[in-house]
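Participant: So here's data14.txt (compact mmCIF, C-alpha atoms).
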```
# COMPACT_ATOMS: atom_id res chain seq x y z
CA MET A 1 120.35 88.80 97.10
CA THR A 2 119.65 88.94 100.81
CA ALA A 3 116.97 87.75 103.19
CA ALA A 4 115.63 89.73 106.12
CA LEU A 5 112.92 89.21 108.72
CA ARG A 6 111.10 92.01 110.49
CA PRO A 7 107.95 92.53 112.53
CA ALA A 8 105.00 93.79 110.52
CA ARG A 9 104.30 97.51 110.80
CA PRO A 10 100.93 99.32 110.60
CA ALA A 11 101.58 100.29 106.97
CA ASP A 12 101.89 96.55 106.18
CA ALA A 13 98.18 95.78 106.73
CA PRO A 14 97.45 95.75 102.96
CA LEU A 15 100.49 93.53 102.36
CA VAL A 16 99.49 91.12 105.12
CA LEU A 17 95.99 90.82 103.66
CA THR A 18 97.47 90.21 100.20
CA LEU A 19 99.69 87.44 101.60
CA ILE A 20 96.72 85.92 103.46
CA ARG A 21 94.76 85.87 100.20
CA GLU A 22 97.69 84.32 98.31
CA LEU A 23 97.99 81.60 100.95
CA ALA A 24 94.24 80.96 100.86
CA GLU A 25 94.36 80.64 97.08
CA TYR A 26 97.22 78.12 97.36
CA GLU A 27 95.23 76.19 99.98
CA ARG A 28 92.12 76.27 97.76
CA LEU A 29 90.30 78.26 100.47
CA LEU A 30 90.12 81.75 98.97
CA HIS A 31 86.32 81.57 99.12
CA GLU A 32 86.58 81.52 102.93
CA VAL A 33 88.53 84.78 103.24
CA ASP A 34 86.39 87.68 104.41
CA ALA A 35 89.16 89.58 106.21
CA THR A 36 89.61 93.24 105.28
CA GLU A 37 92.57 95.60 105.59
CA GLU A 38 90.77 97.27 108.49
CA LEU A 39 90.26 93.99 110.34
CA VAL A 40 93.87 92.96 109.80
CA ALA A 41 95.15 96.36 110.91
CA SER A 42 92.97 96.31 114.03
CA ALA A 43 94.02 92.77 114.96
CA LEU A 44 97.74 93.38 114.47
CA PHE A 45 98.10 97.02 115.50
CA GLY A 46 95.08 97.92 117.64
CA ASP A 47 95.19 98.91 121.31
CA SER A 48 95.74 95.35 122.58
CA PRO A 49 97.06 93.18 119.75
CA ARG A 50 96.64 89.47 120.36
CA VAL A 51 98.12 88.33 117.08
CA PHE A 52 101.50 89.14 115.59
CA CYS A 53 103.14 88.99 112.19
CA ASP A 54 106.68 88.63 110.93
CA ILE A 55 107.48 89.60 107.34
CA ALA A 56 110.18 87.89 105.28
CA GLU A 57 111.83 90.02 102.63
CA TRP A 58 114.15 89.08 99.81
CA SER A 59 116.37 91.93 98.63
CA GLY A 60 113.90 94.37 100.19
CA ALA A 61 110.80 92.92 98.52
CA PRO A 62 108.08 91.17 100.58
CA ALA A 63 108.45 87.44 100.12
CA GLY A 64 106.38 85.82 102.88
CA PHE A 65 105.00 86.00 106.37
CA ALA A 66 104.31 84.18 109.61
CA LEU A 67 101.18 85.15 111.54
CA TRP A 68 101.11 83.85 115.10
CA PHE A 69 99.73 84.25 118.61
CA TYR A 70 100.45 83.06 122.12
CA SER A 71 98.62 79.90 123.13
CA PHE A 72 98.48 78.27 126.55
CA SER A 73 98.93 74.69 127.69
CA THR A 74 97.19 73.87 130.94
CA PHE A 75 99.18 70.63 131.06
CA ARG A 76 102.48 72.50 130.80
CA GLY A 77 101.29 75.50 132.80
CA ARG A 78 102.90 77.85 130.29
CA HIS A 79 102.27 79.76 127.11
CA GLY A 80 103.44 78.55 123.74
CA ILE A 81 103.16 79.92 120.24
CA HIS A 82 100.53 78.90 117.73
CA LEU A 83 101.53 79.62 114.14
CA GLU A 84 98.30 80.42 112.32
CA ASP A 85 99.79 81.01 108.87
CA LEU A 86 103.17 80.53 107.25
CA TYR A 87 103.53 81.47 103.61
CA VAL A 88 106.39 82.13 101.22
CA ARG A 89 105.58 83.37 97.75
CA PRO A 90 106.34 80.74 95.07
CA ALA A 91 109.07 82.85 93.42
CA HIS A 92 110.94 82.97 96.73
CA ARG A 93 110.63 79.35 97.84
CA GLY A 94 113.76 77.29 98.27
CA ARG A 95 115.75 80.22 99.64
CA GLY A 96 115.37 79.37 103.33
CA LEU A 97 112.71 81.98 104.12
CA GLY A 98 110.16 79.53 105.53
CA ARG A 99 112.86 78.01 107.68
CA ALA A 100 113.98 81.48 108.81
CA LEU A 101 110.43 82.44 109.81
CA LEU A 102 110.04 79.23 111.82
CA GLN A 103 113.50 79.61 113.31
CA GLY A 104 112.59 83.12 114.47
CA LEU A 105 109.55 81.73 116.27
CA ALA A 106 111.58 78.85 117.72
CA ARG A 107 114.09 81.35 119.08
CA ARG A 108 111.26 83.41 120.56
CA CYS A 109 110.00 80.25 122.30
CA ARG A 110 113.46 79.50 123.62
CA ASP A 111 114.14 83.06 124.76
CA GLU A 112 110.74 83.44 126.45
CA GLY A 113 110.74 79.99 128.06
CA LEU A 114 107.83 78.74 125.96
CA PRO A 115 107.78 74.94 125.68
CA ARG A 116 106.12 74.54 122.28
CA LEU A 117 105.53 75.91 118.82
CA GLU A 118 102.50 74.40 117.13
CA TRP A 119 100.62 74.74 113.85
CA SER A 120 98.29 72.85 111.55
CA VAL A 121 98.91 71.75 107.98
CA LEU A 122 96.38 70.57 105.42
CA ASP A 123 96.63 66.81 105.01
CA TRP A 124 97.05 67.08 101.21
CA ASN A 125 99.90 69.61 101.41
CA GLU A 126 102.75 67.14 100.94
CA PRO A 127 105.46 69.73 100.15
CA SER A 128 104.79 71.53 103.43
CA ILE A 129 104.50 68.29 105.39
CA ARG A 130 107.90 67.15 104.06
CA PHE A 131 109.40 70.56 104.89
CA TYR A 132 108.06 70.44 108.47
CA ARG A 133 109.22 66.85 109.02
CA ALA A 134 112.72 67.79 107.78
CA LEU A 135 112.81 70.42 110.55
CA GLY A 136 111.92 67.81 113.16
CA ALA A 137 108.21 68.61 113.53
CA VAL A 138 105.98 65.67 114.36
CA PRO A 139 102.24 65.25 113.87
CA VAL A 140 100.13 65.27 117.02
CA ASP A 141 98.15 62.05 116.68
CA GLY A 142 95.00 61.37 118.61
CA TRP A 143 93.62 64.91 118.39
CA THR A 144 91.01 66.23 115.98
CA ARG A 145 90.78 69.95 115.40
CA ASN A 146 87.23 71.28 115.82
CA ARG A 147 85.62 74.50 114.70
CA LEU A 148 82.38 76.21 115.55
CA ASP A 149 81.41 79.12 113.29
CA GLY A 150 78.59 80.63 111.26
CA ASP A 151 75.08 79.47 112.07
CA ALA A 152 76.25 76.80 114.50
CA LEU A 153 78.17 79.41 116.52
CA GLU A 154 75.14 81.70 116.56
CA ARG A 155 72.80 78.88 117.63
CA LEU A 156 75.04 77.91 120.53
CA ALA A 157 75.46 81.52 121.61
CA ALA A 158 71.71 82.11 121.52
CA ALA A 159 70.70 78.85 123.22
CA PRO A 160 69.38 79.09 126.77
CA GLY A 161 71.89 77.90 129.29
CA ALA A 162 73.38 78.36 132.74
CA ALA A 163 75.99 80.94 131.72
CA PRO A 164 74.95 84.59 131.44
```
How does this structure look as structure tokens?
Facilitator:
Amino acid sequence: MTAALRPARPADAPLVLTLIRELAEYERLLHEVDATEELVASALFGDSPRVFCDIAEWSGAPAGFALWFYSFSTFRGRHGIHLEDLYVRPAHRGRGLGRALLQGLARRCRDEGLPRLEWSVLDWNEPSIRFYRALGAVPVDGWTRNRLDGDALERLAAAPGAAP
């Protein structure tokens, strides 16, 4: 049995969507997924991709993924990497695949001179929190993640204001 990491390829769009849906089900958020194969393919493999995906395989079978993008820190004056999703299928957990996916991103940060790798974790997800702490990750206290979407996003976009 062997592990391998590789960048996602255009033919992987259905697989990536399947993994996204599996992660969402684990996180009890499947009802929020409205991504399609076409949207995933366009985001990852369109003319100017702004999001990237690494696939973990175990003995040639897809076992997990890391979906990420470049972020930017004005305080540091440099890009970093934001890990949007990390998921290893339950049958493949405990084999070092999650660590390998994170290690690949850490090496990318090191090799590209990026000062940070960041991600969010649901506060109830104790197994993942323990895993991240064991790697040396620390919570960023004092910050609250915010989101504007749906009707609130539309209202703000449609409101009169100074910007065109």
Participant: Which residues, protein or nucleic acid, reach to within 12 Å of (98.0, 89.2, 103.6) in the file's coordinates when using all atoms listed in the file, and can you give that as a PyMOL selection string?
Facilitator: chain A and resi 8+12-25+30+33-41+44+53-55+62-67+85-89
Participant: Looking at A:Asp141, A:Glu57, A:Asp149, A:Glu118, which one is nearest to Gly98 (chain A), with distances taken over only C-alpha atoms?
Facilitator: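 For Gly98 (chain A), the nearest of the candidates is A:Glu57.
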Participant: Return the single residue from A:Gly96, A:Gly104, A:Gly150, A:Pro90 that is closest to Arg6 (chain A), with distances computed using only C-alpha atoms.
Facilitator: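 Going through A:Gly96, A:Gly104, A:Gly150, A:Pro90 one by one, the smallest distance to Arg6 (chain A) is for A:Gly104.
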Participant: By how many Å are CA of Met1 (chain A) and CA of Gly60 (chain A) apart?
Facilitator: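 CA of Gly60 (chain A) lies at a distance of 9.1 Å from CA of Met1 (chain A).
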Participant: What's the separation between CA of Ser59 (chain A) and CA of Cys109 (chain A), in Å to one decimal place?
Facilitator: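 Value for the CA of Ser59 (chain A)-CA of Cys109 (chain A) distance: 27.2 Å.
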Participant: Would you compute the distance between CA of Trp58 (chain A) and CA of Tyr70 (chain A)? Give it in Å to one decimal.
Facilitator: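 About the pair CA of Trp58 (chain A) and CA of Tyr70 (chain A): they are 26.9 Å apart.
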Participant: Show me, as a list in words, the residues that have an atom within 8 Å of region 72-84 of chain A when counting all atoms listed in the file, minus same-chain residues fewer than 6 positions from it.
Facilitator: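 So, after excluding close chain neighbours, the residues are Ala66, Leu105, Cys109, Leu114, Pro115, Arg116, Leu117, Glu118, Trp119 and Ser120 of chain A.
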Participant: Could you check the closest approach to Arg99 (chain A) for each of A:Ala3, A:Gly142, A:Ala43, A:Arg9 and tell me which residue wins, using only C-alpha atoms?
Facilitator: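 The shortest atom-to-atom distance to Arg99 (chain A) comes from A:Ala3.
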Participant: Choose the residue, out of A:Ala152, A:Ala11, A:Ala157, A:Leu122, that has the smallest atom-to-atom separation from Ser42 (chain A); count all atoms listed in the file.
Facilitator: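 Going through A:Ala152, A:Ala11, A:Ala157, A:Leu122 one by one, the smallest distance to Ser42 (chain A) is for A:Ala11.
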Participant: List the neighbours of Gly136 (chain A) out to 12 Å using all atoms listed in the file; skip same-chain residues closer than 4 positions along the sequence, and give me the result as a short mmCIF file (atom, residue, chain, number, x, y, z; two decimals) with C-alpha atoms, in the coordinates of the input.
Facilitator:
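What landed in out06.cif:
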```cif
data_model
loop_
_atom_site.label_atom_id
_atom_site.label_comp_id
_atom_site.auth_asym_id
_atom_site.auth_seq_id
_atom_site.Cartn_x
_atom_site.Cartn_y
_atom_site.Cartn_z
CA ARG A 99 112.86 78.01 107.68
CA LEU A 102 110.04 79.23 111.82
CA GLN A 103 113.50 79.61 113.31
CA ALA A 106 111.58 78.85 117.72
CA LEU A 117 105.53 75.91 118.82
CA ILE A 129 104.50 68.29 105.39
CA ARG A 130 107.90 67.15 104.06
CA PHE A 131 109.40 70.56 104.89
CA TYR A 132 108.06 70.44 108.47
#
```
Participant: Given all atoms listed in the file as the basis, pick out the residue of A:Pro7, A:His31, A:Ala100, A:Arg110 nearest to Val51 (chain A).
Facilitator: A:Pro7
Participant: Kindly complete region 128-147 of chain A to N, CA and C atoms; the output should be written as a PDB file, in the coordinates of the input.
Facilitator:
```pdb
ATOM      1  N   SER A 128     104.648  70.917 102.106  1.00  0.00           N
ATOM      2  CA  SER A 128     104.790  71.530 103.430  1.00  0.00           C
ATOM      3  C   SER A 128     105.028  70.473 104.500  1.00  0.00           C
ATOM      4  N   ILE A 129     104.321  69.362 104.414  1.00  0.00           N
ATOM      5  CA  ILE A 129     104.500  68.290 105.390  1.00  0.00           C
ATOM      6  C   ILE A 129     105.941  67.794 105.358  1.00  0.00           C
ATOM      7  N   ARG A 130     106.502  67.590 104.171  1.00  0.00           N
ATOM      8  CA  ARG A 130     107.900  67.150 104.060  1.00  0.00           C
ATOM      9  C   ARG A 130     108.848  68.198 104.652  1.00  0.00           C
ATOM     10  N   PHE A 131     108.581  69.464 104.364  1.00  0.00           N
ATOM     11  CA  PHE A 131     109.400  70.560 104.890  1.00  0.00           C
ATOM     12  C   PHE A 131     109.370  70.545 106.421  1.00  0.00           C
ATOM     13  N   TYR A 132     108.181  70.434 107.012  1.00  0.00           N
ATOM     14  CA  TYR A 132     108.060  70.440 108.470  1.00  0.00           C
ATOM     15  C   TYR A 132     108.740  69.224 109.097  1.00  0.00           C
ATOM     16  N   ARG A 133     108.587  68.055 108.484  1.00  0.00           N
ATOM     17  CA  ARG A 133     109.220  66.850 109.020  1.00  0.00           C
ATOM     18  C   ARG A 133     110.744  66.995 108.979  1.00  0.00           C
ATOM     19  N   ALA A 134     111.265  67.607 107.911  1.00  0.00           N
ATOM     20  CA  ALA A 134     112.720  67.790 107.780  1.00  0.00           C
ATOM     21  C   ALA A 134     113.249  68.689 108.899  1.00  0.00           C
ATOM     22  N   LEU A 135     112.408  69.561 109.439  1.00  0.00           N
ATOM     23  CA  LEU A 135     112.810  70.420 110.550  1.00  0.00           C
ATOM     24  C   LEU A 135     112.716  69.709 111.902  1.00  0.00           C
ATOM     25  N   GLY A 136     112.085  68.538 111.910  1.00  0.00           N
ATOM     26  CA  GLY A 136     111.920  67.810 113.160  1.00  0.00           C
ATOM     27  C   GLY A 136     110.519  67.876 113.740  1.00  0.00           C
ATOM     28  N   ALA A 137     109.586  68.537 113.049  1.00  0.00           N
ATOM     29  CA  ALA A 137     108.210  68.610 113.530  1.00  0.00           C
ATOM     30  C   ALA A 137     107.557  67.235 113.425  1.00  0.00           C
ATOM     31  N   VAL A 138     106.692  66.941 114.364  1.00  0.00           N
ATOM     32  CA  VAL A 138     105.980  65.670 114.360  1.00  0.00           C
ATOM     33  C   VAL A 138     104.473  65.930 114.441  1.00  0.00           C
ATOM     34  N   PRO A 139     103.684  65.082 113.778  1.00  0.00           N
ATOM     35  CA  PRO A 139     102.240  65.250 113.870  1.00  0.00           C
ATOM     36  C   PRO A 139     101.760  64.894 115.287  1.00  0.00           C
ATOM     37  N   VAL A 140     100.715  65.550 115.716  1.00  0.00           N
ATOM     38  CA  VAL A 140     100.130  65.270 117.020  1.00  0.00           C
ATOM     39  C   VAL A 140      98.945  64.331 116.776  1.00  0.00           C
ATOM     40  N   ASP A 141      99.190  63.040 116.908  1.00  0.00           N
ATOM     41  CA  ASP A 141      98.150  62.050 116.680  1.00  0.00           C
ATOM     42  C   ASP A 141      97.181  62.000 117.857  1.00  0.00           C
ATOM     43  N   GLY A 142      95.984  61.572 117.559  1.00  0.00           N
ATOM     44  CA  GLY A 142      95.000  61.370 118.610  1.00  0.00           C
ATOM     45  C   GLY A 142      94.153  62.607 118.892  1.00  0.00           C
ATOM     46  N   TRP A 143      94.400  63.691 118.199  1.00  0.00           N
ATOM     47  CA  TRP A 143      93.620  64.910 118.390  1.00  0.00           C
ATOM     48  C   TRP A 143      92.957  65.281 117.076  1.00  0.00           C
ATOM     49  N   THR A 144      91.733  65.743 117.147  1.00  0.00           N
ATOM     50  CA  THR A 144      91.010  66.230 115.980  1.00  0.00           C
ATOM     51  C   THR A 144      90.677  67.692 116.219  1.00  0.00           C
ATOM     52  N   ARG A 145      91.076  68.527 115.302  1.00  0.00           N
ATOM     53  CA  ARG A 145      90.780  69.950 115.400  1.00  0.00           C
ATOM     54  C   ARG A 145      89.288  70.155 115.155  1.00  0.00           C
ATOM     55  N   ASN A 146      88.649  70.972 115.975  1.00  0.00           N
ATOM     56  CA  ASN A 146      87.230  71.280 115.820  1.00  0.00           C
ATOM     57  C   ASN A 146      87.045  72.758 115.592  1.00  0.00           C
ATOM     58  N   ARG A 147      85.931  73.096 114.969  1.00  0.00           N
ATOM     59  CA  ARG A 147      85.620  74.500 114.700  1.00  0.00           C
ATOM     60  C   ARG A 147      84.122  74.697 114.840  1.00  0.00           C
TER      61      ARG A 147
END
```
